[in-house]
Structures are given as C-alpha cells and as structure tokens.
$ cat upload.txt   # compact mmCIF, C-alpha atoms
# COMPACT_ATOMS: atom_id res chain seq x y z
CA MET S 188 98.39 80.50 145.76
CA ARG S 189 101.99 80.73 144.54
CA GLU S 190 100.77 80.24 141.01
CA MET S 191 98.33 83.10 141.32
CA ILE S 192 101.00 85.46 142.62
CA LYS S 193 103.26 84.45 139.75
CA MET S 194 100.51 85.21 137.25
CA ILE S 195 99.97 88.66 138.70
CA ILE S 196 103.68 89.43 138.80
CA VAL S 197 104.32 88.30 135.22
CA MET S 198 101.35 90.22 133.84
CA THR S 199 102.28 93.35 135.77
CA ILE S 200 105.88 93.29 134.59
CA LEU S 201 104.83 92.68 130.99
CA ALA S 202 102.28 95.47 131.01
CA THR S 203 104.72 97.88 132.66
CA LEU S 204 107.45 97.19 130.13
CA SER S 205 104.98 97.53 127.30
CA GLY S 206 103.71 100.84 128.64
CA GLY S 207 107.23 102.16 129.08
CA LEU S 208 108.29 101.19 125.57
CA LEU S 209 105.21 102.73 123.98
CA ALA S 210 105.55 105.94 125.97
CA ALA S 211 109.17 106.29 124.83
CA ILE S 212 108.27 105.73 121.17
CA ARG S 213 105.34 108.10 121.40
CA ASP S 214 107.52 110.83 122.86
CA ASN S 215 109.99 110.45 120.03
CA THR S 216 107.50 110.36 117.18
CA GLN S 217 104.86 112.81 118.38
CA GLU S 218 106.33 115.87 116.73
CA ARG S 219 106.85 114.08 113.42
CA ILE S 220 103.31 112.71 113.47
CA GLU S 221 101.90 116.19 114.07
CA ASN S 222 103.84 117.49 111.09
CA GLN S 223 102.68 114.60 108.92
CA VAL S 224 99.05 115.20 109.86
CA LEU S 225 99.42 118.89 109.03
CA GLU S 226 101.10 118.05 105.74
CA PHE S 227 98.66 115.43 104.52
CA VAL S 228 95.32 116.40 106.11
CA LYS S 229 95.46 120.18 106.27
CA GLY S 230 98.34 120.73 103.84
CA PRO S 231 96.38 120.39 100.58
CA ALA S 232 93.74 122.92 101.68
CA ILE S 233 96.30 125.38 103.02
CA ARG S 234 98.41 125.19 99.89
CA SER S 235 95.47 125.67 97.56
CA ILE S 236 94.35 128.76 99.49
CA LEU S 237 97.82 130.29 99.70
CA LYS S 238 98.92 129.17 96.22
CA GLU S 239 100.93 132.28 95.47
CA ALA S 240 102.64 132.54 98.85
CA THR S 241 106.41 132.59 98.67
CA ASN S 242 106.95 130.88 102.03
CA ASP S 243 105.93 127.47 103.36
CA PRO S 244 102.76 128.18 105.37
CA ILE S 245 103.01 124.86 107.22
CA VAL S 246 106.40 125.77 108.64
CA ASP S 247 105.42 129.38 109.39
CA ARG S 248 102.70 128.73 111.90
CA PHE S 249 101.91 129.89 115.40
CA GLN S 250 99.33 129.28 118.06
CA LEU S 251 97.08 131.88 119.57
CA LYS S 252 94.38 131.70 122.22
CA VAL S 253 91.04 133.20 121.23
CA ASP S 254 88.30 132.97 123.87
CA ASP S 255 90.33 130.31 125.69
CA VAL S 256 90.46 128.09 122.62
CA GLU S 257 93.83 127.51 121.04
CA HIS S 258 93.93 128.00 117.27
CA THR S 259 96.80 127.35 114.92
CA PHE S 260 97.40 130.07 112.36
CA PHE S 261 99.33 129.48 109.14
CA VAL S 262 101.01 132.51 107.64
CA GLY S 263 101.13 133.34 103.93
CA VAL S 264 103.85 135.72 102.77
CA PHE S 265 103.12 137.57 99.51
CA GLU S 266 105.79 139.72 97.88
CA GLY S 267 107.73 139.86 101.14
CA GLU S 268 104.71 140.93 103.18
CA PRO S 269 103.06 138.51 105.62
CA ARG S 270 99.60 139.41 104.41
CA ALA S 271 97.38 136.38 104.95
CA VAL S 272 96.59 133.87 107.68
CA THR S 273 94.64 130.65 107.41
CA PHE S 274 93.15 128.71 110.28
CA GLU S 275 90.67 125.93 110.76
CA THR S 276 87.08 126.02 111.98
CA SER S 277 84.29 123.52 111.62
CA GLY S 278 80.58 123.40 110.85
CA LYS S 279 77.92 120.78 111.35
CA GLY S 280 77.49 118.83 108.12
CA TYR S 281 75.29 115.95 107.04
CA GLY S 282 77.65 113.20 108.16
CA GLY S 283 79.40 114.96 111.05
CA ASP S 284 81.71 117.91 111.40
CA VAL S 285 83.10 119.52 108.28
CA GLY S 286 86.56 120.94 108.89
CA LEU S 287 87.23 124.13 106.96
CA MET S 288 90.45 126.02 106.40
CA VAL S 289 89.73 129.72 106.01
CA GLY S 290 92.28 132.12 104.60
CA ILE S 291 91.98 135.82 105.42
CA ASP S 292 93.87 138.68 103.86
CA VAL S 293 94.77 140.93 106.77
CA THR S 294 95.73 144.06 104.84
CA ASN S 295 92.87 144.11 102.31
CA ASN S 296 90.30 142.76 104.78
CA GLN S 297 88.88 140.06 102.57
CA ILE S 298 88.70 136.29 102.37
CA VAL S 299 91.56 134.78 100.38
CA GLY S 300 89.83 131.46 99.98
CA VAL S 301 88.47 128.46 101.86
CA GLY S 302 89.10 124.74 101.58
CA VAL S 303 87.56 121.66 103.21
CA THR S 304 90.05 119.57 105.22
CA THR S 305 88.13 116.74 106.87
CA HIS S 306 84.56 115.59 106.32
CA ALA S 307 82.28 112.57 106.28
CA GLU S 308 79.81 113.81 103.67
CA THR S 309 78.15 111.67 101.00
CA PRO S 310 80.51 110.94 98.10
CA GLY S 311 79.33 112.64 94.91
CA MET S 312 77.00 114.98 96.83
CA GLY S 313 78.30 116.81 99.91
CA ALA S 314 81.83 115.56 99.26
CA LYS S 315 81.89 117.95 96.29
CA ALA S 316 82.58 120.71 98.80
CA GLN S 317 86.09 119.31 98.91
CA THR S 318 86.51 118.07 95.35
CA ASP S 319 84.67 120.67 93.27
CA PRO S 320 86.73 123.88 93.16
CA SER S 321 83.87 125.97 91.75
CA PHE S 322 81.97 125.86 95.06
CA VAL S 323 84.74 127.14 97.30
CA ALA S 324 85.79 129.62 94.59
CA GLN S 325 82.65 131.64 95.42
CA PHE S 326 84.19 132.57 98.78
CA ARG S 327 87.23 134.21 97.22
CA GLU S 328 87.63 137.93 97.87
CA LEU S 329 84.43 138.26 99.91
CA PRO S 330 84.49 141.15 102.41
CA LEU S 331 84.89 140.37 106.11
CA ASP S 332 82.21 142.66 107.50
CA GLN S 333 79.12 140.74 106.39
CA PRO S 334 78.21 137.15 107.17
CA VAL S 335 78.32 134.59 104.36
CA ASN S 336 75.10 132.73 103.50
CA VAL S 337 73.74 130.41 100.85
CA THR S 338 71.10 131.83 98.48
CA THR S 339 68.19 130.02 100.20
CA ASP S 340 69.14 131.81 103.43
CA GLY S 341 69.30 135.18 101.69
CA GLY S 342 73.00 135.20 100.88
CA ASN S 343 74.79 134.96 97.58
CA ILE S 344 76.60 131.61 97.74
CA ASN S 345 75.12 129.02 95.37
CA ALA S 346 74.75 125.83 97.40
CA ILE S 347 75.99 122.53 95.96
CA SER S 348 72.89 120.97 94.40
CA GLY S 349 71.50 118.27 96.66
CA ALA S 350 73.82 119.21 99.49
CA THR S 351 72.38 122.29 101.16
CA ILE S 352 73.33 121.04 104.63
CA THR S 353 76.97 120.61 103.63
CA SER S 354 76.95 124.04 101.99
CA ARG S 355 75.51 125.55 105.18
CA ALA S 356 78.22 123.80 107.20
CA VAL S 357 80.82 125.54 105.05
CA THR S 358 79.18 128.99 105.35
CA SER S 359 78.70 128.67 109.11
CA ALA S 360 82.31 127.57 109.54
CA THR S 361 83.34 130.59 107.49
CA ASN S 362 81.24 132.87 109.68
CA ASP S 363 82.80 131.37 112.79
CA ALA S 364 86.19 132.06 111.30
CA LEU S 365 85.24 135.68 110.63
CA LYS S 366 84.19 136.09 114.28
CA ILE S 367 87.41 134.54 115.54
CA PHE S 368 89.42 136.75 113.24
CA GLU S 369 87.57 139.85 114.43
CA LYS S 370 88.53 139.06 118.04
CA ALA S 371 92.08 138.04 117.29
CA LYS S 372 92.91 140.80 114.83
CA PRO S 373 95.00 143.06 117.11
CA GLN S 374 97.12 140.16 118.36
CA LEU S 375 97.36 138.70 114.87
CA THR S 376 98.66 141.81 113.15
CA GLU S 377 101.28 142.10 115.88
CA LYS S 378 102.31 138.46 115.52
CA LEU S 379 102.45 138.70 111.74
CA GLN S 380 105.21 141.31 111.89
CA GLU S 381 107.54 138.55 113.11
CA PHE S 382 107.31 136.84 109.75
CA LYS S 383 108.62 139.76 107.72
CA MET E 171 108.34 64.99 112.02
CA ALA E 172 111.20 67.20 113.04
CA ARG E 173 112.00 69.91 110.56
CA SER E 174 115.40 71.34 109.80
CA ILE E 175 115.96 75.00 110.62
CA VAL E 176 115.79 75.96 106.95
CA GLN E 177 112.47 74.17 106.59
CA GLU E 178 111.03 76.23 109.46
CA PHE E 179 111.61 79.24 107.28
CA THR E 180 110.56 77.85 103.91
CA LYS E 181 107.35 76.21 105.11
CA GLY E 182 105.77 79.65 105.45
CA LEU E 183 106.42 80.36 101.80
CA TRP E 184 104.43 77.46 100.37
CA ASP E 185 103.34 74.55 102.61
CA GLU E 186 101.81 76.74 105.30
CA VAL E 187 101.39 80.06 103.50
CA PRO E 188 98.79 81.73 105.74
CA PRO E 189 95.84 82.89 103.61
CA PHE E 190 95.89 80.01 101.16
CA ARG E 191 97.02 76.97 103.18
CA LEU E 192 96.16 77.80 106.75
CA VAL E 193 93.28 80.02 105.59
CA LEU E 194 93.93 82.35 108.51
CA GLY E 195 93.95 86.12 108.85
CA LEU E 196 91.49 86.69 106.06
CA CYS E 197 90.15 90.03 107.27
CA PRO E 198 93.14 92.10 106.06
CA VAL E 199 93.57 89.77 103.08
CA LEU E 200 90.13 90.68 101.79
CA ALA E 201 90.05 94.28 102.91
CA VAL E 202 93.35 95.87 101.93
CA THR E 203 94.24 94.10 98.69
CA LYS E 204 92.90 96.82 96.41
CA THR E 205 96.36 97.85 95.31
CA VAL E 206 99.66 96.00 95.47
CA GLU E 207 101.12 98.86 97.49
CA ASN E 208 98.53 98.42 100.24
CA GLY E 209 99.09 94.66 100.24
CA ILE E 210 102.85 94.99 100.60
CA GLY E 211 102.53 97.67 103.31
CA MET E 212 100.11 95.54 105.31
CA GLY E 213 102.31 92.48 104.79
CA ILE E 214 105.44 94.23 106.04
CA ALA E 215 103.61 95.56 109.09
CA THR E 216 102.28 92.09 109.90
CA THR E 217 105.70 90.48 109.33
CA PHE E 218 107.32 92.89 111.76
CA VAL E 219 104.70 92.12 114.43
CA LEU E 220 104.96 88.37 113.77
CA VAL E 221 108.74 88.24 114.07
CA CYS E 222 108.92 90.42 117.18
CA SER E 223 106.08 88.70 119.00
CA ASN E 224 107.34 85.23 118.05
CA VAL E 225 110.81 86.00 119.42
CA LEU E 226 109.49 87.50 122.63
CA VAL E 227 106.89 84.80 123.26
CA SER E 228 109.48 82.13 122.60
CA SER E 229 112.07 83.63 124.93
CA LEU E 230 109.46 84.10 127.68
CA ARG E 231 107.80 80.71 127.17
CA LYS E 232 109.14 79.32 130.47
CA VAL E 233 108.17 82.44 132.45
CA ILE E 234 104.62 82.94 131.20
CA PRO E 235 102.14 81.00 133.38
CA PRO E 236 100.05 78.67 131.16
CA LYS E 237 96.74 79.89 132.57
CA VAL E 238 97.22 83.49 131.48
CA ARG E 239 99.30 82.83 128.38
CA ILE E 240 96.75 84.21 125.90
CA ALA E 241 96.49 87.46 127.85
CA CYS E 242 100.29 87.73 127.88
CA TYR E 243 100.49 87.08 124.14
CA ILE E 244 97.88 89.74 123.46
CA VAL E 245 99.82 92.29 125.55
CA ILE E 246 102.99 91.49 123.63
CA ILE E 247 101.30 91.57 120.22
CA ALA E 248 99.36 94.74 120.99
CA THR E 249 102.57 96.48 122.03
CA PHE E 250 104.28 95.72 118.73
CA VAL E 251 101.19 96.66 116.74
CA THR E 252 101.11 100.05 118.45
CA VAL E 253 104.80 100.48 117.67
CA VAL E 254 104.05 99.80 114.00
CA GLU E 255 101.13 102.21 114.07
CA LEU E 256 103.17 105.05 115.55
CA VAL E 257 106.15 104.49 113.26
CA MET E 258 103.91 104.27 110.21
CA GLN E 259 102.17 107.51 111.15
CA ALA E 260 105.50 109.24 111.54
CA PHE E 261 107.19 107.96 108.39
CA ALA E 262 104.54 106.72 105.94
CA TYR E 263 101.45 108.76 106.66
CA PRO E 264 99.72 108.31 103.26
CA LEU E 265 99.98 104.53 103.65
CA PHE E 266 98.60 104.84 107.18
CA LEU E 267 95.61 106.78 105.84
CA LYS E 268 94.88 104.01 103.34
CA LEU E 269 95.35 101.05 105.70
CA GLY E 270 93.61 102.94 108.50
CA ILE E 271 91.71 100.72 110.89
CA PHE E 272 93.39 97.54 109.63
CA ILE E 273 96.69 98.36 111.32
CA PRO E 274 95.31 98.22 114.90
CA LEU E 275 93.36 95.14 113.82
CA ILE E 276 96.63 93.20 113.37
CA VAL E 277 96.26 92.57 117.13
CA VAL E 278 93.41 90.18 116.46
CA ASN E 279 94.88 88.69 113.29
CA CYS E 280 94.68 84.92 113.81
CA VAL E 281 97.98 84.38 112.02
CA VAL E 282 99.92 86.31 114.66
CA LEU E 283 98.18 84.84 117.70
CA GLY E 284 98.16 81.42 116.02
CA ARG E 285 101.92 81.38 115.54
CA SER E 286 102.49 82.49 119.15
CA GLU E 287 100.20 79.82 120.54
CA ALA E 288 100.94 76.96 118.17
CA PHE E 289 104.63 77.50 117.49
CA ALA E 290 106.58 80.07 119.48
CA SER E 291 105.34 78.86 122.86
CA LYS E 292 106.76 75.39 122.15
CA ASN E 293 109.97 76.13 120.23
CA GLY E 294 113.31 77.88 120.68
CA VAL E 295 114.05 81.49 119.83
CA LEU E 296 115.89 80.90 116.55
CA ARG E 297 113.25 78.55 115.20
CA SER E 298 110.48 80.96 116.23
CA LEU E 299 112.26 83.83 114.54
CA LEU E 300 112.58 81.91 111.27
CA ASP E 301 109.01 80.68 111.55
CA GLY E 302 107.74 84.25 112.01
CA LEU E 303 109.89 85.54 109.17
CA GLY E 304 108.80 82.75 106.81
CA ILE E 305 105.12 83.04 107.59
CA GLY E 306 105.36 86.84 107.41
CA ILE E 307 107.03 86.83 104.02
CA GLY E 308 104.55 84.23 102.79
CA PHE E 309 101.72 86.44 104.04
CA THR E 310 103.20 89.50 102.31
CA LEU E 311 103.65 87.65 99.01
CA SER E 312 100.11 86.26 99.17
CA LEU E 313 98.69 89.72 99.78
CA ALA E 314 100.76 91.11 96.92
CA ALA E 315 99.71 88.30 94.57
CA LEU E 316 96.02 88.64 95.40
CA ALA E 317 96.25 92.43 95.15
CA ALA E 318 98.03 92.17 91.79
CA VAL E 319 95.22 90.05 90.35
CA ARG E 320 92.52 92.34 91.71
CA GLU E 321 94.21 95.60 90.76
CA LEU E 322 95.19 94.41 87.30
CA LEU E 323 91.68 93.26 86.41
CA GLY E 324 89.87 95.94 88.38
CA THR E 325 91.76 99.03 87.25
CA GLY E 326 94.15 97.86 84.53
CA SER E 327 97.20 99.18 86.36
CA LEU E 328 99.68 98.06 89.00
CA THR E 329 100.77 100.26 91.92
CA ILE E 330 103.84 98.61 93.42
CA TRP E 331 105.11 101.58 95.45
CA LYS E 332 103.90 105.08 94.67
CA ASP E 333 106.76 106.99 96.32
CA TRP E 334 109.28 105.26 94.07
CA ASP E 335 107.22 105.85 90.93
CA LEU E 336 106.59 102.14 90.55
CA VAL E 337 103.18 102.57 88.96
CA PHE E 338 102.48 100.70 85.76
CA ASN E 339 99.60 101.26 83.39
CA THR E 340 99.80 97.68 82.24
CA PHE E 341 96.75 97.46 80.04
CA GLY E 342 96.88 100.99 78.66
CA PRO E 343 94.14 103.61 78.52
CA SER E 344 91.80 101.65 76.25
CA TYR E 345 91.23 98.94 78.90
CA GLN E 346 87.68 98.78 80.26
CA PRO E 347 88.17 98.24 84.02
CA PHE E 348 86.42 95.24 85.52
CA THR E 349 85.63 97.24 88.68
CA PHE E 350 83.90 94.31 90.35
CA MET E 351 87.35 92.95 91.23
CA VAL E 352 88.36 95.92 93.39
CA GLU E 353 85.09 95.86 95.31
CA ALA E 354 84.50 93.65 98.35
CA PRO E 355 82.73 90.74 96.59
CA GLY E 356 85.56 90.62 94.05
CA ALA E 357 87.96 89.95 96.92
CA PHE E 358 86.09 86.76 97.81
CA VAL E 359 85.98 85.61 94.20
CA ALA E 360 89.66 86.31 93.65
CA LEU E 361 90.59 84.57 96.91
CA GLY E 362 88.48 81.55 95.96
CA LEU E 363 90.10 81.29 92.55
CA MET E 364 93.58 81.60 94.07
CA LEU E 365 92.80 78.84 96.60
CA CYS E 366 91.50 76.69 93.76
CA LEU E 367 94.68 77.29 91.78
CA MET E 368 96.91 76.54 94.78
CA ASN E 369 95.13 73.25 95.39
CA LEU E 370 95.30 72.32 91.74
CA VAL E 371 99.06 72.89 91.64
CA GLY E 372 99.64 71.34 95.07
CA ASN E 373 97.79 68.11 94.31
CA LYS E 374 99.90 67.15 91.34
$ encode --input "upload.txt" --output "structure tokens"
Amino acid sequence: MREMIKMIIVMTILATLSGGLLAAIRDNTQERIENQVLEFVKGPAIRSILKEATNDPIVDRFQLKVDDVEHTFFVGVFEGEPRAVTFETSGKGYGGDVGLMVGIDVTNNQIVGVGVTTHAETPGMGAKAQTDPSFVAQFRELPLDQPVNVTTDGGNINAISGATITSRAVTSATNDALKIFEKAKPQLTEKLQEFK
Amino acid sequence: MARSIVQEFTKGLWDEVPPFRLVLGLCPVLAVTKTVENGIGMGIATTFVLVCSNVLVSSLRKVIPPKVRIACYIVIIATFVTVVELVMQAFAYPLFLKLGIFIPLIVVNCVVLGRSEAFASKNGVLRSLLDGLGIGIGFTLSLAALAAVRELLGTGSLTIWKDWDLVFNTFGPSYQPFTFMVEAPGAFVALGLMLCLMNLVGNK
C-alpha cells in the first residue's frame, strides 16, 4: 500500500514539474516561433508577390475578422503608398489543402500575384504550382470583379499539365480570397492608412 | 571492471559508440544522415537530451520507485525532447523543417532510454553526466561520419553548416552523383560498410 502511494506521488510530482517547465518555455518562445513560421513558410510566397515593396511585409501585418474568421493581412508599401495586401486562403488539392497567398492591389483593384505556401501535392506534377513561376504568373494583374477559372472550366488560366485538381485548388483559393477581400475592403482601406 | 571517470567519457567515443558498437538508435541514424548538417543537428539534439535525462535520472534514482521507473524515465526524456523541439523551432527553424518528425522521435530512441536504464539508474550524477556526454558526442560523430560518406558519394558535396557558409563542392561540377547513397537503401549499405570497417579496425 505504501509503495503504491509512493508511486503515485512520485509520478504526479514529476509530471507536474514537467508540465510547468514546458509551459514556461512555450510562453517564452511562442512569439519567436510564430515569427519563424511566418518567415520560412509564408515568407517566400509573400516576398515573391510583393517583390518591389519598400517595407518588410512580414513586420507590417495586422489581423482582421471577416465573417468571424480571423485573417492575417500583410501590407506592401509601394513608393510610400500602402497599396497592396496579401493574405492566405486555401483550396482542396489532390493531396490535401493547398495554402495560397494572394496579393491584391487595393488602389488599382487587381491581383498583384499569388504564391503557394503549403501543399502536399505530387512532386513534379501538382508541386509545380509552387515551383514553376509561369503558372502563378498567369494570375498577375487580373481584375477583381470576375472569378478566376482554368480553361477547362471556361476561364483563361492554363492548368498545369497533369495537375488539373491542383490548378483548380489554386483558382478556388483565389476566388475565396476575392470574396474575402470584397467583404473586408472598407475596413482594409481604413487600416491601410496607418501604414503610410 | 570499474572504470575511471575519464573512461566513462571516452568509452562513448569508441568502445561503446552507439550506432556502430551498441547498434542502437538506428532510426535517426538511417533517416536523417542525408547531409552532414542534418546529422550534426540531430546529434546535438540527442546529446542534449541524453545529458539532461542522464543527470536527472541519476539524481532521482533513489526516489523513483522501481516498478514505475520506465514511465518516470519516459516523462523525463519526453520533457527534454519537447524543450529541444521548442527551442529548435524558435532559433533554428530551417533545421527543424528538415529533421521534422525525427525530433519528437528522440523520445523513443533506444540510446537515450538505454543509458537511463542501464547506466544512470545505477551510477552517480557525475559519472552519468560524463557517460551521457560521451555517448552523445560519439552518436553525433557517427551521424556526421555516416552522413559525410553518403552525402559525398550521393551528391558530390559536403554541407557542414549552411548558415556559416560551410558548404563544399568537393568533387566539382563534373561529378556524376551516385544518388543511390542518399536514398533510404543507401543508408543501410553505408551503415553496413561502416560497421564492417569498425570491426575490421577493432579486431586488430
């Protein structure tokens, strides 16, 4: 009996100390980890979309609720004007969700560019959405008022050969982004003034 | 067969070097040794866990009830592994992306649990610390050695540490990479050849 109580006490103390230590470390590293994830997972896509921005879009970011979902917007400043925002949406791909960063030019009302952040598509096929710049280049400077579609669905985006599902994931994510932008536009333009 | 304190440390470097002599902890050995950088990163992470868990297990060896000792060791080891995981995410994120799932898997690495059970639970704190350090460094060097062979033959270059620009194109651009070596079966072949070599040298 005494032995059993000892076992319980020792295990409880050990587990409590372990939990406490981990919670403390987590608290202290959480912010840094978030920044690192932004830098290394979303950073490359954001930077390629907002190549000519004069600010650091990863630092200049803010959160906004659209339809009760929190989105993070990254601001691109061009020639002193905060003209573009990028934010992430996702579409259903062949191997799971395809994360897409969509950049929108607020003053000219057009797409600045898109870039795939996370995906689990087939290497050499669907994965080209991320690695082949000529596919995402087709989205550049498209107007915001009409939905984007691949050619087989009556649009004018040439799908990656052999990866129609991945290409559709990218177009549907783009369309989602356009809808979100439409809803958030008044709040966004107001928020953007802060970055002047 | 009492060893001196120095021998507790040095045994991990040759006599009991984990992957080649004890043949323990082979999962990370085979999986992450595609580049020297990955091998060293994994080795350092494992060394940290080994040293910390050895010290703690050794200092608690009279408190931990024998019947639940394995559970206690796992709690201790898992705590340190999570510490490594969080710190690595915060300060070396690209390395974390490459090592990925193998960091949490240090918890079930036989080397770590094996040292707790076979050594730290029976020896003093100082000896356990040196044992952990020795085995850890031996493990790191073995990973680096195996990774060097695989990377050199498989890609013709050596990546010691990318952030410090320690990348060498040893064999030059005209080298035809023997890509088999950086794939999974190549890991087994390379490990087998290394074991063979170690035995050959050790038996003389």
$ closest_residue --input "upload.txt" --among "E:Gly182, E:Val199, E:Tyr243, E:Glu207" --to "Ile330 of chain E" --atoms "all atoms listed in the file"
E:Glu207
$ residues_around --input "upload.txt" --residues "Glu239 of chain S" --least-positions-apart "5" --cutoff "9 Å" --atoms "all atoms listed in the file" --output "MDAnalysis selection string"
chainID S and resid 234 263:265
$ closest_atom_pairs --input "upload.txt" --of "chain S" --to "chain E" --cutoff "7 Å" --atoms "all atoms listed in the file" --output "Markdown table"
| residue | atom | partner | partner_atom | distance |
| --- | --- | --- | --- | --- |
| S:Met194 | CA | E:Pro235 | CA | 5.9 |
| S:Val197 | CA | E:Ile234 | CA | 6.7 |
| S:Met198 | CA | E:Cys242 | CA | 6.5 |
| S:Ala202 | CA | E:Val245 | CA | 6.8 |
| S:Ser205 | CA | E:Thr249 | CA | 5.9 |
| S:Leu209 | CA | E:Val253 | CA | 6.7 |
| S:Arg213 | CA | E:Leu256 | CA | 6.9 |
| S:Thr216 | CA | E:Ala260 | CA | 6.1 |
| S:Arg219 | CA | E:Ala260 | CA | 5.4 |
| S:Ile220 | CA | E:Ala260 | CA | 4.5 |
| S:Gln223 | CA | E:Tyr263 | CA | 6.4 |
$ closest_residue --input "upload.txt" --among "E:Val281, E:Leu313, E:Met351, E:Leu328" --to "Val193 of chain E" --atoms "only C-alpha atoms"
E:Val281
$ atom_distance --input "upload.txt" --atom1 "atom CA of Thr304 of chain S" --atom2 "atom CA of Val202 of chain E"
24.2 Å
$ residues_near_point --input "upload.txt" --point "(108.7, 82.8, 125.5)" --cutoff "6 Å" --atoms "all atoms listed in the file" --output "list in words"
Leu226, Val227, Ser228, Ser229, Leu230, Arg231 and Ser291 of chain E
$ closest_residue --input "upload.txt" --among "S:Asp363, S:Asp292, S:Glu275, S:Asp214" --to "Leu329 of chain S" --atoms "all atoms listed in the file"
S:Asp292
$ axis_aligned_box --input "upload.txt" --around "segment 240-253 of chain E" --padding-each-side "3 Å" --output "JSON"
{"center_x": 100.6, "center_y": 92.3, "center_z": 122.3, "size_x": 14.3, "size_y": 22.3, "size_z": 17.1}
$ closest_residue --input "upload.txt" --among "E:Ala354, E:Cys280, E:Leu300, E:Ile273" --to "Pro189 of chain E" --atoms "all atoms listed in the file"
E:Cys280
$ atom_distance --input "upload.txt" --atom1 "atom CA of Leu208 of chain S" --atom2 "atom CA of Val219 of chain E"
14.8 Å
$ build_atoms --input "upload.txt" --residues "segment 211-233 of chain E" --atoms "N, CA and C atoms" --output "PDB file, in the coordinates of the input"
ATOM      1  N   GLY E 211     102.431  96.914 102.060  1.00  0.00           N
ATOM      2  CA  GLY E 211     102.530  97.670 103.310  1.00  0.00           C
ATOM      3  C   GLY E 211     101.953  96.893 104.478  1.00  0.00           C
ATOM      4  N   MET E 212     100.761  96.345 104.275  1.00  0.00           N
ATOM      5  CA  MET E 212     100.110  95.540 105.310  1.00  0.00           C
ATOM      6  C   MET E 212     100.954  94.315 105.636  1.00  0.00           C
ATOM      7  N   GLY E 213     101.496  93.679 104.596  1.00  0.00           N
ATOM      8  CA  GLY E 213     102.310  92.480 104.790  1.00  0.00           C
ATOM      9  C   GLY E 213     103.550  92.773 105.607  1.00  0.00           C
ATOM     10  N   ILE E 214     104.218  93.885 105.303  1.00  0.00           N
ATOM     11  CA  ILE E 214     105.440  94.230 106.040  1.00  0.00           C
ATOM     12  C   ILE E 214     105.105  94.520 107.498  1.00  0.00           C
ATOM     13  N   ALA E 215     104.019  95.253 107.723  1.00  0.00           N
ATOM     14  CA  ALA E 215     103.610  95.560 109.090  1.00  0.00           C
ATOM     15  C   ALA E 215     103.343  94.269 109.865  1.00  0.00           C
ATOM     16  N   THR E 216     102.607  93.345 109.230  1.00  0.00           N
ATOM     17  CA  THR E 216     102.280  92.090 109.900  1.00  0.00           C
ATOM     18  C   THR E 216     103.539  91.259 110.147  1.00  0.00           C
ATOM     19  N   THR E 217     104.457  91.248 109.165  1.00  0.00           N
ATOM     20  CA  THR E 217     105.700  90.480 109.330  1.00  0.00           C
ATOM     21  C   THR E 217     106.489  90.981 110.527  1.00  0.00           C
ATOM     22  N   PHE E 218     106.589  92.315 110.638  1.00  0.00           N
ATOM     23  CA  PHE E 218     107.320  92.890 111.760  1.00  0.00           C
ATOM     24  C   PHE E 218     106.709  92.420 113.089  1.00  0.00           C
ATOM     25  N   VAL E 219     105.374  92.516 113.192  1.00  0.00           N
ATOM     26  CA  VAL E 219     104.700  92.120 114.430  1.00  0.00           C
ATOM     27  C   VAL E 219     104.922  90.629 114.684  1.00  0.00           C
ATOM     28  N   LEU E 220     104.799  89.821 113.636  1.00  0.00           N
ATOM     29  CA  LEU E 220     104.960  88.370 113.770  1.00  0.00           C
ATOM     30  C   LEU E 220     106.349  88.016 114.301  1.00  0.00           C
ATOM     31  N   VAL E 221     107.377  88.584 113.674  1.00  0.00           N
ATOM     32  CA  VAL E 221     108.740  88.240 114.070  1.00  0.00           C
ATOM     33  C   VAL E 221     108.992  88.661 115.508  1.00  0.00           C
ATOM     34  N   CYS E 222     108.652  89.919 115.836  1.00  0.00           N
ATOM     35  CA  CYS E 222     108.920  90.420 117.180  1.00  0.00           C
ATOM     36  C   CYS E 222     108.151  89.617 118.228  1.00  0.00           C
ATOM     37  N   SER E 223     106.866  89.382 117.967  1.00  0.00           N
ATOM     38  CA  SER E 223     106.080  88.700 119.000  1.00  0.00           C
ATOM     39  C   SER E 223     106.513  87.242 119.113  1.00  0.00           C
ATOM     40  N   ASN E 224     106.863  86.609 117.994  1.00  0.00           N
ATOM     41  CA  ASN E 224     107.340  85.230 118.050  1.00  0.00           C
ATOM     42  C   ASN E 224     108.606  85.118 118.908  1.00  0.00           C
ATOM     43  N   VAL E 225     109.554  86.039 118.675  1.00  0.00           N
ATOM     44  CA  VAL E 225     110.810  86.000 119.420  1.00  0.00           C
ATOM     45  C   VAL E 225     110.556  86.208 120.913  1.00  0.00           C
ATOM     46  N   LEU E 226     109.720  87.195 121.220  1.00  0.00           N
ATOM     47  CA  LEU E 226     109.490  87.500 122.630  1.00  0.00           C
ATOM     48  C   LEU E 226     108.711  86.388 123.324  1.00  0.00           C
ATOM     49  N   VAL E 227     107.676  85.874 122.662  1.00  0.00           N
ATOM     50  CA  VAL E 227     106.890  84.800 123.260  1.00  0.00           C
ATOM     51  C   VAL E 227     107.763  83.575 123.485  1.00  0.00           C
ATOM     52  N   SER E 228     108.617  83.294 122.489  1.00  0.00           N
ATOM     53  CA  SER E 228     109.480  82.130 122.600  1.00  0.00           C
ATOM     54  C   SER E 228     110.489  82.277 123.739  1.00  0.00           C
ATOM     55  N   SER E 229     111.069  83.485 123.874  1.00  0.00           N
ATOM     56  CA  SER E 229     112.070  83.630 124.930  1.00  0.00           C
ATOM     57  C   SER E 229     111.416  83.698 126.316  1.00  0.00           C
ATOM     58  N   LEU E 230     110.149  84.040 126.376  1.00  0.00           N
ATOM     59  CA  LEU E 230     109.460  84.100 127.680  1.00  0.00           C
ATOM     60  C   LEU E 230     108.623  82.854 127.940  1.00  0.00           C
ATOM     61  N   ARG E 231     108.744  81.832 127.086  1.00  0.00           N
ATOM     62  CA  ARG E 231     107.800  80.710 127.170  1.00  0.00           C
ATOM     63  C   ARG E 231     107.879  79.961 128.488  1.00  0.00           C
ATOM     64  N   LYS E 232     109.050  80.038 129.188  1.00  0.00           N
ATOM     65  CA  LYS E 232     109.140  79.320 130.470  1.00  0.00           C
ATOM     66  C   LYS E 232     108.679  80.197 131.629  1.00  0.00           C
ATOM     67  N   VAL E 233     108.557  81.505 131.384  1.00  0.00           N
ATOM     68  CA  VAL E 233     108.170  82.440 132.450  1.00  0.00           C
ATOM     69  C   VAL E 233     106.658  82.641 132.480  1.00  0.00           C
TER      70      VAL E 233
END
